[in-house]
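Peer 1: Here it is, the structure in full.
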Amino acid sequence: MRYDLTHIVSWVAHNSRVLDLGCGDGMFLSALEKERGVRGLGIELDPENLIAAARLNIDVIQQDIDQGLDNFPDKSFDTVVMAQALQVLHRPHRVLNDMVRIGREAIVTFPNFGHWRCRVYLGVMGRMPVSRVLPYSWYDTPNIHFCTLKDFEALCDELNIEIIARDFIAAESQGILARWLPNLFGVTAVYRIRSRTT
Amino acid sequence: MIESGSVGIVTPFTESFAEPLALVCGRVLSGYELVVETYGELNAAGTNAILICHALSGNHHAAGFHSTEDQKPGWWDLLIGPGKPIDTDRFFVVSLNNLGGCDGSTGPRSINPETGMPWGPDFPAVQVADWVESQRRLGERLGINRWAAVIGGSLGGMQALQWAVKHPEEVANCVMLACAPKLTAQNIAFNEIARHAILTDPEWHEGHYALEQKVPTRGLALARMVGHLTYMSADGMSDKFGRELREGSFTPNNEEEVVFQVESYLRYQGSQFSTRFDANTYVLMTRALDYFDIAADYNGDLTQAMSAIQARCLVVSYSSDWRFAPARSREISDALLKAGKKVTYAEIATEGGHDAFLLDDAHYLNLMDAWMRQVEV
């Protein structure tokens, strides 16, 4: 399982209802069903992924997250998960609002654009970063909305979203550094959030 | 990926039911017959049965061939057979001609026992709920108390939905393809045009054309042409016909009549249909479509209607289907979500229009296959 996903698992309650935005081939929900006994539902746009998820007996709604999630009632899930999709959305702030509306809690993971490698690319080389995690060139990339940890936390504050917990995945040698300076050494951010208004 | 297995030669059979059937319209059918085909074997526990519900012009012959001379297999041979999505190596598949049909089951062409004459237009206006009750009795007769799945497209999907709502404990899985919880005004209007074509045919004779030994072929053909047109998409028609000519040409100084391929195709469809189908059945089937409204018994609340469902549900729409548009399928899927039910929803990208649920498409067939593999027997 991908590293950010193993982090999420520990934050998902046993036997809860989980909605996975951009669930891909359904492997993660399938693992959650086995390990945590959750009742999962995925949202996914790609037809091949839909078929793969169906083979795993994972229910999926084929829908574009960017078009809104009005068809999902308030607090209809215990946890709404979105892994590594925030940066491809047209209106990430709206989706975050939807996540904390539909779920009692939400878990979101995204690549940290404040990581030192990105800063070196931009600050020293003067180029947009390209890496193993973010392998695309600026002109041909699904990633249209990058943010740093600080940016994300500022947005949460603006949207009246409470950060319950956060975690950072760093390169193996930099785990301790990431704990002290996450915005510099965290490659991937994992946030557990909920609405402050309810 | 989909194997081209066929169920081979199949033989329809007739089941007679003597117990009267009280219909939604208030009338009672004293007895009736249903023509049925089955594919595969019912297991000892009777838990692997699948009911196929046909649409407007369908019948019991869903898969295989009636004889080695048959040119075409049953109407859903693409999906039903060994190794296919509705896998006859795993499932016992039941397909019938609905009440009011014209392919052998009791309907307008049958003899009314009270008069000794064909029912014609006096055959009761059976509705989706009546079909489900008659299918239920057929299930009992065949030793099936619970369907592993009830599956249908269009009007057939409405029957599947009716089954899951009204007999939740008897439907383990429900597949609704190119379906709607009820028809829109535009959709009813298309049906009315089709009926009007039939009812204004000089050979209609108030529906008693059989007594006059006539057939309202022109009305039926026109009804089919209008219907068929609405089952296709504009892009699909452009791809299939474009502006190709069947006869004549546009060369100058040429008075030869020009016939576009699409004209020829529609005429052929119309004339084929008018020799095979019964006009009273067409009127009856379109009315059944118009009258269907699954939420009617629940103050129009679709979510409330879905609340009793126990079935795992699959809802599939087709991007170019404007007769039963994806938005109508999403109404079903959203109501199921709101009611907290198990549902998978897919919109197949296709130019096939409403008929796409009958057509070959890799995403559609692979999704059906993947989903059906998870149906427990």
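Residue numbers start at 1 in each chain; chains themselves are named A, B, ... in the order of the structure tokens; ligands are numbered from 1 in the order shown.
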Could you tell me which residues of chain A sit within 10 Å of chain B when counting only C-alpha atoms, and give me the result as a PyMOL selection string?
Peer 2: chain A and resi 39-63+70-74+76-77
Peer 1: Please return, as an NGL selection string, all residues of stretch 125-181 of chain A that DSSP assigns to strand (DSSP E or B) on the basis of the backbone.
Peer 2: :A and (147 or 161-169)
Peer 1: Suppose we keep N, CA and C atoms; can you now write the selection as a PDB file, in the first residue's frame?
Peer 2:
```pdb
ATOM      1  N   CYS A 147       0.112  23.481  -3.245  1.00  0.00           N
ATOM      2  CA  CYS A 147       0.174  24.317  -2.049  1.00  0.00           C
ATOM      3  C   CYS A 147       1.220  23.765  -1.094  1.00  0.00           C
ATOM      4  N   ILE A 161     -12.305  25.173   9.103  1.00  0.00           N
ATOM      5  CA  ILE A 161     -12.035  23.747   9.235  1.00  0.00           C
ATOM      6  C   ILE A 161     -10.978  23.529  10.318  1.00  0.00           C
ATOM      7  N   GLU A 162     -11.303  22.594  11.229  1.00  0.00           N
ATOM      8  CA  GLU A 162     -10.393  22.293  12.333  1.00  0.00           C
ATOM      9  C   GLU A 162      -9.433  21.181  11.932  1.00  0.00           C
ATOM     10  N   ILE A 163      -8.153  21.382  12.237  1.00  0.00           N
ATOM     11  CA  ILE A 163      -7.163  20.321  11.993  1.00  0.00           C
ATOM     12  C   ILE A 163      -7.059  19.478  13.255  1.00  0.00           C
ATOM     13  N   ILE A 164      -7.531  18.242  13.162  1.00  0.00           N
ATOM     14  CA  ILE A 164      -7.524  17.346  14.329  1.00  0.00           C
ATOM     15  C   ILE A 164      -6.120  16.769  14.520  1.00  0.00           C
ATOM     16  N   ALA A 165      -5.506  16.390  13.430  1.00  0.00           N
ATOM     17  CA  ALA A 165      -4.162  15.801  13.493  1.00  0.00           C
ATOM     18  C   ALA A 165      -3.493  15.982  12.144  1.00  0.00           C
ATOM     19  N   ARG A 166      -2.168  15.946  12.154  1.00  0.00           N
ATOM     20  CA  ARG A 166      -1.444  16.024  10.890  1.00  0.00           C
ATOM     21  C   ARG A 166      -0.205  15.155  10.974  1.00  0.00           C
ATOM     22  N   ASP A 167       0.218  14.693   9.836  1.00  0.00           N
ATOM     23  CA  ASP A 167       1.384  13.822   9.790  1.00  0.00           C
ATOM     24  C   ASP A 167       2.116  14.110   8.485  1.00  0.00           C
ATOM     25  N   PHE A 168       3.402  13.788   8.470  1.00  0.00           N
ATOM     26  CA  PHE A 168       4.170  14.099   7.272  1.00  0.00           C
ATOM     27  C   PHE A 168       5.027  12.914   6.904  1.00  0.00           C
ATOM     28  N   ILE A 169       5.054  12.654   5.626  1.00  0.00           N
ATOM     29  CA  ILE A 169       5.880  11.563   5.140  1.00  0.00           C
ATOM     30  C   ILE A 169       7.099  12.191   4.491  1.00  0.00           C
TER      31      ILE A 169
END
```
Peer 1: Determine, counting only C-alpha atoms, which protein, DNA and RNA residues have an atom within 12 Å of an atom of stretch 171-180 of chain A; residues of the same chain fewer than 3 positions away are not included. Present the result as an MDAnalysis selection string.
Peer 2: chainID A and resid 3 112 114:117 132:133 149 166:168 183:189
Peer 1: Go ahead and write the selection's residues with N, CA and C atoms as an mmCIF file, in the first residue's frame.
Peer 2:
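What landed in selection-v4.cif:
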```cif
data_model
loop_
_atom_site.group_PDB
_atom_site.id
_atom_site.type_symbol
_atom_site.label_atom_id
_atom_site.label_comp_id
_atom_site.auth_asym_id
_atom_site.auth_seq_id
_atom_site.Cartn_x
_atom_site.Cartn_y
_atom_site.Cartn_z
ATOM 1 N N TYR A 3 2.437 4.801 0.852
ATOM 2 C CA TYR A 3 2.800 5.233 2.190
ATOM 3 C C TYR A 3 1.737 6.106 2.855
ATOM 4 N N ASN A 112 3.592 18.144 -0.685
ATOM 5 C CA ASN A 112 3.961 19.425 -0.089
ATOM 6 C C ASN A 112 4.868 20.204 -1.040
ATOM 7 N N GLY A 114 6.122 22.924 -0.444
ATOM 8 C CA GLY A 114 7.125 23.676 0.322
ATOM 9 C C GLY A 114 8.372 22.848 0.632
ATOM 10 N N HIS A 115 8.369 21.588 0.161
ATOM 11 C CA HIS A 115 9.516 20.709 0.396
ATOM 12 C C HIS A 115 10.795 21.345 -0.161
ATOM 13 N N TRP A 116 11.910 21.071 0.539
ATOM 14 C CA TRP A 116 13.153 21.785 0.171
ATOM 15 C C TRP A 116 13.573 21.557 -1.269
ATOM 16 N N ARG A 117 13.280 20.365 -1.809
ATOM 17 C CA ARG A 117 13.647 20.095 -3.207
ATOM 18 C C ARG A 117 12.908 21.045 -4.160
ATOM 19 N N ARG A 132 10.397 12.547 -8.562
ATOM 20 C CA ARG A 132 9.779 11.230 -8.655
ATOM 21 C C ARG A 132 8.302 11.314 -8.253
ATOM 22 N N VAL A 133 8.017 12.116 -7.220
ATOM 23 C CA VAL A 133 6.645 12.274 -6.734
ATOM 24 C C VAL A 133 5.837 13.168 -7.685
ATOM 25 N N LEU A 149 2.305 23.265 3.129
ATOM 26 C CA LEU A 149 1.579 22.973 4.358
ATOM 27 C C LEU A 149 0.990 24.239 4.954
ATOM 28 N N ARG A 166 -2.168 15.946 12.154
ATOM 29 C CA ARG A 166 -1.444 16.024 10.890
ATOM 30 C C ARG A 166 -0.205 15.155 10.974
ATOM 31 N N ASP A 167 0.218 14.693 9.836
ATOM 32 C CA ASP A 167 1.384 13.822 9.790
ATOM 33 C C ASP A 167 2.116 14.110 8.485
ATOM 34 N N PHE A 168 3.402 13.788 8.470
ATOM 35 C CA PHE A 168 4.170 14.099 7.272
ATOM 36 C C PHE A 168 5.027 12.914 6.904
ATOM 37 N N ASN A 183 7.270 21.655 6.855
ATOM 38 C CA ASN A 183 7.033 22.363 5.592
ATOM 39 C C ASN A 183 8.269 22.347 4.700
ATOM 40 N N LEU A 184 9.415 21.990 5.300
ATOM 41 C CA LEU A 184 10.659 21.953 4.536
ATOM 42 C C LEU A 184 11.029 20.523 4.151
ATOM 43 N N PHE A 185 10.718 19.566 5.033
ATOM 44 C CA PHE A 185 11.181 18.196 4.806
ATOM 45 C C PHE A 185 10.056 17.184 4.555
ATOM 46 N N GLY A 186 8.809 17.594 4.790
ATOM 47 C CA GLY A 186 7.686 16.670 4.503
ATOM 48 C C GLY A 186 7.444 16.606 3.009
ATOM 49 N N VAL A 187 7.482 15.407 2.428
ATOM 50 C CA VAL A 187 7.198 15.247 0.991
ATOM 51 C C VAL A 187 5.686 15.194 0.765
ATOM 52 N N THR A 188 5.026 14.409 1.605
ATOM 53 C CA THR A 188 3.581 14.263 1.514
ATOM 54 C C THR A 188 2.948 14.626 2.850
ATOM 55 N N ALA A 189 1.872 15.396 2.781
ATOM 56 C CA ALA A 189 1.167 15.791 3.993
ATOM 57 C C ALA A 189 -0.085 14.954 4.165
#
```
Peer 1: What's the 10 Å shell around stretch 175-180 of chain B, counting only C-alpha atoms, without same-chain residues fewer than 2 positions away, as a PyMOL selection string?
Peer 2: chain B and resi 52+149-161+164+173+182-184+289+292-294+311-319+321-333+343-347+353-358+368+371-372
